[in-house]
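Let me begin by presenting the structure, written as structure tokens, before commenting on it.
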Amino acid sequence: MSDTSSTAATEIERIELHRLEVPLVRPFETSFGRETVREVLLVHVVTDAGDGWGECVAGRDPFYSGEYVDGAASVIERYLAPALLDRHGRHAAQHRAAPDAAGTAPAEGPGSRGATVPLAASVAPTLAFVAGHRMAKAALEAAVLDAELRAQGRSMGELFGATREWVDCGVSVGIAPTLEELLDEVMGYVEEGYRRIKLKIKPGWDLVPVGAVREELGPRGLLQVDANTAYTADDIPLLAQLDAFDLLLIEQPFAEEDLASHVRLAAACRTPVCLDESILDVTTAVDAIDRGATSVVNIKAGRMGGYLEALRVHDACRELDVPVWCGGMLETGVGRAANVALAALPGFTLPGDTSASGRYFAEDVTEPFVLGDGEHRGQLRVPDAAGTGVTVREELVRDWAGTPAVAITR
């Protein structure tokens, strides 16, 4: 293992953007759209000590989020990557020891974790001059973190503070064309061993499908719903009727800015209210908890600007005794590997959307994640090799390229 206390500065030599078209094994429909192909943006960071990969979770279109693949690729190429190269490139030695604009030393991070990965911990402050674009920033941070940890010989799980070798897996089930097809899909996942079912809901597709799935699962099956902001405060009486189905939680029924309606729903129903899109960082998480808008938090590193901020949110929620779980964004093995490591932290007490590769893809860009069997039925093993612990199949990156790769240098 490399000495993580070394003061030698790592140079970023180039940053590559790879855009892939990866077909889904079945269409995935939510309240904001239907996907049959996942457009994937991978970021490849090459340093003088090795290289690393990160995945941008933005979708093809700006429907789920204001971020989308074209925009993420553009902001990385025009602003974010040049800023990182200016600070950490071959000719940037004079900038490396300087504090950022807020006066924070580059090595700072969430407790001792950030101090051992100074290059990755410097990404967020370096890119703070660009407003928003958290998903694009998170992809860069993930790639830098992967490269830095590989050079140190450490895994993401080790850095994060993982306490488990296996994590419980749930599965997210989209809106189906018919109720019969929904039940067939759900029971197929149950047979595969998934430990929790999450149903996507929207107005007109809620009480009936949820009730049908609850009947199929029986009273002991773990079941939750995700509305992806599809409802308004006028729907609170309807949503309160979901109490009849003994759900783990109802996720983000109202617009991300509308904490007040989430507070009202939490007071009106027994089912725990969980926030997803509203949680952008540790500040918004603590504020939402303090207001009573949420009693469960969905942690998505991409939505929060990176894994180091996701760790801060985990730590804050754990201190407040608020359970968290790891959300998913149809990631390939690149993003899935980091998510599985994150989900192994002690505060993640509910099964996440860390499904096996085969849930979405017939073939993955890394070695596939496969559900365990026996005592590990319905679980994924946490990678323990350096960095993300997986290997990118660069031949597939080339074969699935939707556009030519972009290399950014200084």
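The way I read the labels, and the way they are meant: chains A, B, ... in the order of the structure tokens, residue 1 as the first residue of every chain, and ligand 1 as the first ligand shown, with later ones counted on from there.
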Interface rows for range 303-335 of chain A against range 172-191 of chain A: nearest pair, Å to one decimal, 12 Å, only C-alpha atoms, as a tab-separated table:
residue	atom	partner	partner_atom	distance
A:Cys326	CA	A:Ser172	CA	11.9
A:Gly327	CA	A:Ser172	CA	9.4
A:Gly328	CA	A:Ser172	CA	8.5
A:Met329	CA	A:Ser172	CA	10.0
A:Leu330	CA	A:Ser172	CA	9.6
Could those selected residues go to a file with N, CA and C atoms, as a PDB file, in the first residue's frame?
ATOM      1  N   CYS A 326     -29.239   4.208  -0.045  1.00  0.00           N
ATOM      2  CA  CYS A 326     -28.519   4.640  -1.242  1.00  0.00           C
ATOM      3  C   CYS A 326     -29.414   4.532  -2.465  1.00  0.00           C
ATOM      4  N   GLY A 327     -29.694   5.671  -3.089  1.00  0.00           N
ATOM      5  CA  GLY A 327     -30.501   5.686  -4.292  1.00  0.00           C
ATOM      6  C   GLY A 327     -29.688   5.317  -5.519  1.00  0.00           C
ATOM      7  N   GLY A 328     -30.373   5.021  -6.592  1.00  0.00           N
ATOM      8  CA  GLY A 328     -29.705   4.660  -7.834  1.00  0.00           C
ATOM      9  C   GLY A 328     -30.202   5.508  -8.995  1.00  0.00           C
ATOM     10  N   MET A 329     -29.381   5.599 -10.038  1.00  0.00           N
ATOM     11  CA  MET A 329     -29.713   6.401 -11.218  1.00  0.00           C
ATOM     12  C   MET A 329     -29.403   5.614 -12.497  1.00  0.00           C
ATOM     13  N   LEU A 330     -29.726   4.323 -12.488  1.00  0.00           N
ATOM     14  CA  LEU A 330     -29.461   3.447 -13.637  1.00  0.00           C
ATOM     15  C   LEU A 330     -27.979   3.442 -14.006  1.00  0.00           C
TER      16      LEU A 330
END
Do you know which residues are at most 10 Å from Pro346 in chain A counting only C-alpha atoms, after dropping those on the same chain fewer than 5 positions away, and could you put them as an MDAnalysis selection string?
-> chainID A and resid 161:164 314:315 318 323:324
Closest of A:Val144, A:Ala244, A:Ala385, A:Ile279 to Lys300 in chain A - atom-to-atom distances counting only C-alpha atoms =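 When distances to Lys300 in chain A are compared using only C-alpha atoms, the smallest one comes from A:Ile279.
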Point out the residue among A:Tyr194, A:Trp325, A:Tyr68, A:Phe245 with the least atom-to-atom distance to Pro219 in chain A, counting only C-alpha atoms.
->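 Between A:Tyr194, A:Trp325, A:Tyr68, A:Phe245, the residue approaching Pro219 in chain A most closely is A:Phe245.
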What are the DSSP strand (DSSP E or B) residues of range 299-376 of chain A, as a ChimeraX atom specification?
-> /A:299,324-326,348,352,372
Would you write out those residues with N, CA, C and O atoms, as a compact mmCIF listing (two decimals), in the first residue's frame?
# COMPACT_ATOMS: atom_id res chain seq x y z
N ILE A 299 -29.74 9.07 -0.14
CA ILE A 299 -28.45 9.66 -0.47
C ILE A 299 -28.04 9.23 -1.88
O ILE A 299 -27.90 8.04 -2.17
N VAL A 324 -30.75 6.33 6.52
CA VAL A 324 -30.50 6.69 5.13
C VAL A 324 -30.42 5.43 4.29
O VAL A 324 -30.21 4.32 4.81
N TRP A 325 -30.59 5.60 2.99
CA TRP A 325 -30.40 4.49 2.05
C TRP A 325 -29.81 5.07 0.76
O TRP A 325 -29.87 6.27 0.52
N CYS A 326 -29.24 4.21 -0.05
CA CYS A 326 -28.52 4.64 -1.24
C CYS A 326 -29.41 4.53 -2.47
O CYS A 326 -29.86 3.44 -2.84
N PHE A 348 -26.51 3.39 6.72
CA PHE A 348 -27.39 2.88 5.66
C PHE A 348 -28.10 1.64 6.19
O PHE A 348 -27.63 0.52 6.04
N GLY A 352 -30.93 -0.37 -0.44
CA GLY A 352 -30.88 0.69 -1.43
C GLY A 352 -31.26 0.21 -2.82
O GLY A 352 -31.62 -0.95 -3.03
N GLY A 372 -25.77 -12.29 -4.57
CA GLY A 372 -25.23 -13.46 -3.91
C GLY A 372 -26.28 -14.53 -3.72
O GLY A 372 -27.46 -14.36 -4.04
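Secondary structure by DSSP on the backbone puts the following residues of range 304-383 of chain A in alpha helix (DSSP H): Tyr307, Leu308, Glu309, Ala310, Leu311, Arg312, Val313, His314, Asp315, Ala316, Cys317, Arg318, Glu319, Gly333, Val334, Gly335, Arg336, Ala337, Ala338, Asn339, Val340, Ala341, Leu342 and Ala343 of chain A.
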Produce a file of the selected residues containing N, CA, C and O atoms, as a short mmCIF file (atom, residue, chain, number, x, y, z; two decimals), in the first residue's frame.
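Just written: result26.cif:
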data_model
loop_
_atom_site.label_atom_id
_atom_site.label_comp_id
_atom_site.auth_asym_id
_atom_site.auth_seq_id
_atom_site.Cartn_x
_atom_site.Cartn_y
_atom_site.Cartn_z
N TYR A 307 -19.09 12.07 -3.73
CA TYR A 307 -19.13 11.12 -2.62
C TYR A 307 -18.66 11.73 -1.31
O TYR A 307 -19.12 11.33 -0.24
N LEU A 308 -17.78 12.71 -1.36
CA LEU A 308 -17.32 13.31 -0.11
C LEU A 308 -18.44 14.09 0.55
O LEU A 308 -18.59 14.06 1.78
N GLU A 309 -19.28 14.77 -0.23
CA GLU A 309 -20.45 15.44 0.36
C GLU A 309 -21.48 14.41 0.81
O GLU A 309 -22.13 14.59 1.85
N ALA A 310 -21.63 13.33 0.06
CA ALA A 310 -22.55 12.26 0.48
C ALA A 310 -22.14 11.70 1.84
O ALA A 310 -22.99 11.36 2.67
N LEU A 311 -20.85 11.59 2.08
CA LEU A 311 -20.37 11.12 3.38
C LEU A 311 -20.75 12.09 4.49
O LEU A 311 -21.12 11.68 5.60
N ARG A 312 -20.68 13.37 4.20
CA ARG A 312 -21.09 14.37 5.20
C ARG A 312 -22.57 14.22 5.54
O ARG A 312 -22.97 14.33 6.70
N VAL A 313 -23.38 14.00 4.51
CA VAL A 313 -24.81 13.83 4.75
C VAL A 313 -25.05 12.58 5.59
O VAL A 313 -25.84 12.59 6.54
N HIS A 314 -24.38 11.49 5.25
CA HIS A 314 -24.49 10.26 6.05
C HIS A 314 -24.14 10.51 7.50
O HIS A 314 -24.87 10.12 8.42
N ASP A 315 -23.02 11.18 7.72
CA ASP A 315 -22.56 11.42 9.09
C ASP A 315 -23.55 12.27 9.88
O ASP A 315 -23.83 12.00 11.05
N ALA A 316 -24.09 13.32 9.22
CA ALA A 316 -25.04 14.20 9.89
C ALA A 316 -26.33 13.45 10.23
O ALA A 316 -26.89 13.60 11.32
N CYS A 317 -26.83 12.65 9.29
CA CYS A 317 -28.06 11.90 9.54
C CYS A 317 -27.86 10.87 10.65
O CYS A 317 -28.74 10.67 11.49
N ARG A 318 -26.70 10.24 10.65
CA ARG A 318 -26.44 9.25 11.70
C ARG A 318 -26.41 9.92 13.08
O ARG A 318 -26.94 9.38 14.05
N GLU A 319 -25.82 11.10 13.13
CA GLU A 319 -25.78 11.82 14.41
C GLU A 319 -27.18 12.20 14.87
O GLU A 319 -27.46 12.23 16.07
N GLY A 333 -21.63 -0.32 -14.06
CA GLY A 333 -20.77 -0.81 -12.99
C GLY A 333 -19.83 0.23 -12.43
O GLY A 333 -19.38 0.12 -11.28
N VAL A 334 -19.52 1.27 -13.21
CA VAL A 334 -18.61 2.32 -12.72
C VAL A 334 -19.24 3.04 -11.54
O VAL A 334 -18.64 3.16 -10.47
N GLY A 335 -20.47 3.53 -11.72
CA GLY A 335 -21.15 4.20 -10.63
C GLY A 335 -21.67 3.25 -9.58
O GLY A 335 -21.69 3.57 -8.38
N ARG A 336 -22.08 2.07 -10.00
CA ARG A 336 -22.63 1.09 -9.06
C ARG A 336 -21.59 0.65 -8.04
O ARG A 336 -21.91 0.46 -6.85
N ALA A 337 -20.34 0.49 -8.46
CA ALA A 337 -19.30 0.05 -7.54
C ALA A 337 -19.13 1.03 -6.39
O ALA A 337 -19.02 0.63 -5.22
N ALA A 338 -19.10 2.32 -6.71
CA ALA A 338 -18.95 3.33 -5.66
C ALA A 338 -20.19 3.38 -4.77
O ALA A 338 -20.09 3.56 -3.55
N ASN A 339 -21.38 3.19 -5.36
CA ASN A 339 -22.60 3.20 -4.57
C ASN A 339 -22.65 2.04 -3.59
O ASN A 339 -23.11 2.18 -2.45
N VAL A 340 -22.20 0.88 -4.03
CA VAL A 340 -22.21 -0.28 -3.14
C VAL A 340 -21.26 -0.05 -1.96
O VAL A 340 -21.58 -0.39 -0.81
N ALA A 341 -20.10 0.56 -2.23
CA ALA A 341 -19.18 0.89 -1.13
C ALA A 341 -19.82 1.88 -0.17
O ALA A 341 -19.68 1.75 1.06
N LEU A 342 -20.52 2.87 -0.71
CA LEU A 342 -21.19 3.86 0.13
C LEU A 342 -22.27 3.19 1.00
O LEU A 342 -22.41 3.49 2.19
N ALA A 343 -23.03 2.28 0.39
CA ALA A 343 -24.13 1.63 1.09
C ALA A 343 -23.67 0.72 2.22
O ALA A 343 -24.48 0.26 3.02
#
Could you work out how far CA of Glu16 in chain A lies from CA of Ala405 in chain A, giving the answer in Å with one decimal?
->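 That distance, rounded to one decimal, is 6.7 Å.
Between CA of Tyr231 in chain A and CA of Val213 in chain A there is a distance of 20.9 Å.
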Contacts of range 150-158 of chain A within 7 Å, only C-alpha atoms, excl. fewer than 2 positions in-chain, as an MDAnalysis selection string = chainID A and resid 1:4 49:50 146:148 160:162 338 341:342 384:389
For His18 in chain A: contacts at 9 Å, only C-alpha atoms, fewer than 2 positions along chain excluded, given as JSON, numbers by chain = {"A": [16, 20, 40, 41, 42, 43, 44, 397, 398, 401, 402, 403, 404, 405, 406]}
For N, CA, C and O atoms, I'd like the residues from the last selection saved as a PDB file, in the first residue's frame.
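New file selection-v4.pdb:
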ATOM      1  N   GLU A  16     -10.796  12.827 -20.027  1.00  0.00           N
ATOM      2  CA  GLU A  16     -11.506  12.347 -21.203  1.00  0.00           C
ATOM      3  C   GLU A  16     -12.994  12.202 -20.897  1.00  0.00           C
ATOM      4  O   GLU A  16     -13.369  11.781 -19.796  1.00  0.00           O
ATOM      5  N   LEU A  20     -21.691   6.985 -24.109  1.00  0.00           N
ATOM      6  CA  LEU A  20     -22.080   5.656 -24.558  1.00  0.00           C
ATOM      7  C   LEU A  20     -23.590   5.562 -24.700  1.00  0.00           C
ATOM      8  O   LEU A  20     -24.344   6.240 -23.990  1.00  0.00           O
ATOM      9  N   VAL A  40     -24.948   7.206 -21.346  1.00  0.00           N
ATOM     10  CA  VAL A  40     -24.003   7.237 -20.232  1.00  0.00           C
ATOM     11  C   VAL A  40     -22.853   8.185 -20.552  1.00  0.00           C
ATOM     12  O   VAL A  40     -22.281   8.123 -21.646  1.00  0.00           O
ATOM     13  N   LEU A  41     -22.520   9.034 -19.598  1.00  0.00           N
ATOM     14  CA  LEU A  41     -21.345   9.895 -19.709  1.00  0.00           C
ATOM     15  C   LEU A  41     -20.324   9.434 -18.675  1.00  0.00           C
ATOM     16  O   LEU A  41     -20.562   9.520 -17.466  1.00  0.00           O
ATOM     17  N   LEU A  42     -19.208   8.888 -19.160  1.00  0.00           N
ATOM     18  CA  LEU A  42     -18.110   8.462 -18.294  1.00  0.00           C
ATOM     19  C   LEU A  42     -16.986   9.485 -18.369  1.00  0.00           C
ATOM     20  O   LEU A  42     -16.678  10.013 -19.443  1.00  0.00           O
ATOM     21  N   VAL A  43     -16.384   9.750 -17.226  1.00  0.00           N
ATOM     22  CA  VAL A  43     -15.244  10.654 -17.135  1.00  0.00           C
ATOM     23  C   VAL A  43     -14.008   9.828 -16.786  1.00  0.00           C
ATOM     24  O   VAL A  43     -14.020   9.059 -15.820  1.00  0.00           O
ATOM     25  N   HIS A  44     -12.965   9.973 -17.579  1.00  0.00           N
ATOM     26  CA  HIS A  44     -11.710   9.251 -17.373  1.00  0.00           C
ATOM     27  C   HIS A  44     -10.620  10.279 -17.064  1.00  0.00           C
ATOM     28  O   HIS A  44     -10.330  11.143 -17.896  1.00  0.00           O
ATOM     29  N   VAL A 397     -16.352   0.474 -24.098  1.00  0.00           N
ATOM     30  CA  VAL A 397     -16.452   1.934 -24.142  1.00  0.00           C
ATOM     31  C   VAL A 397     -16.306   2.411 -25.585  1.00  0.00           C
ATOM     32  O   VAL A 397     -17.044   3.290 -26.045  1.00  0.00           O
ATOM     33  N   ARG A 398     -15.379   1.811 -26.312  1.00  0.00           N
ATOM     34  CA  ARG A 398     -15.191   2.179 -27.723  1.00  0.00           C
ATOM     35  C   ARG A 398     -16.364   1.683 -28.580  1.00  0.00           C
ATOM     36  O   ARG A 398     -16.882   2.407 -29.423  1.00  0.00           O
ATOM     37  N   ALA A 401     -19.645   3.697 -28.073  1.00  0.00           N
ATOM     38  CA  ALA A 401     -19.532   5.157 -28.150  1.00  0.00           C
ATOM     39  C   ALA A 401     -20.618   5.735 -29.047  1.00  0.00           C
ATOM     40  O   ALA A 401     -20.788   5.313 -30.195  1.00  0.00           O
ATOM     41  N   GLY A 402     -21.361   6.714 -28.506  1.00  0.00           N
ATOM     42  CA  GLY A 402     -22.363   7.404 -29.310  1.00  0.00           C
ATOM     43  C   GLY A 402     -21.777   8.552 -30.091  1.00  0.00           C
ATOM     44  O   GLY A 402     -22.275   8.927 -31.159  1.00  0.00           O
ATOM     45  N   THR A 403     -20.697   9.131 -29.550  1.00  0.00           N
ATOM     46  CA  THR A 403     -19.958  10.210 -30.197  1.00  0.00           C
ATOM     47  C   THR A 403     -18.478   9.981 -29.928  1.00  0.00           C
ATOM     48  O   THR A 403     -18.123   9.250 -29.005  1.00  0.00           O
ATOM     49  N   PRO A 404     -17.587  10.595 -30.694  1.00  0.00           N
ATOM     50  CA  PRO A 404     -16.163  10.429 -30.426  1.00  0.00           C
ATOM     51  C   PRO A 404     -15.792  10.945 -29.029  1.00  0.00           C
ATOM     52  O   PRO A 404     -16.378  11.907 -28.530  1.00  0.00           O
ATOM     53  N   ALA A 405     -14.841  10.274 -28.394  1.00  0.00           N
ATOM     54  CA  ALA A 405     -14.362  10.716 -27.085  1.00  0.00           C
ATOM     55  C   ALA A 405     -13.722  12.101 -27.197  1.00  0.00           C
ATOM     56  O   ALA A 405     -13.172  12.458 -28.234  1.00  0.00           O
ATOM     57  N   VAL A 406     -13.808  12.848 -26.112  1.00  0.00           N
ATOM     58  CA  VAL A 406     -13.209  14.186 -26.044  1.00  0.00           C
ATOM     59  C   VAL A 406     -12.092  14.148 -25.015  1.00  0.00           C
ATOM     60  O   VAL A 406     -12.304  13.723 -23.870  1.00  0.00           O
TER      61      VAL A 406
END
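Reported to one decimal place, the separation of CA of Leu238 in chain A from CA of Leu207 in chain A is 8.4 Å.
For the set A:Pro203, A:Gly305, A:Pro118, A:Gly59, the residue with the smallest atom-to-atom gap to Asp226 in chain A is A:Pro203, counting only C-alpha atoms.
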Excluding same-chain residues fewer than 4 positions from Val75 in chain A, what lies within 12 Å of it counting only C-alpha atoms, as number ranges by chain?
-> A: 17, 67-71, 79-83, 127, 130-137, 139-140
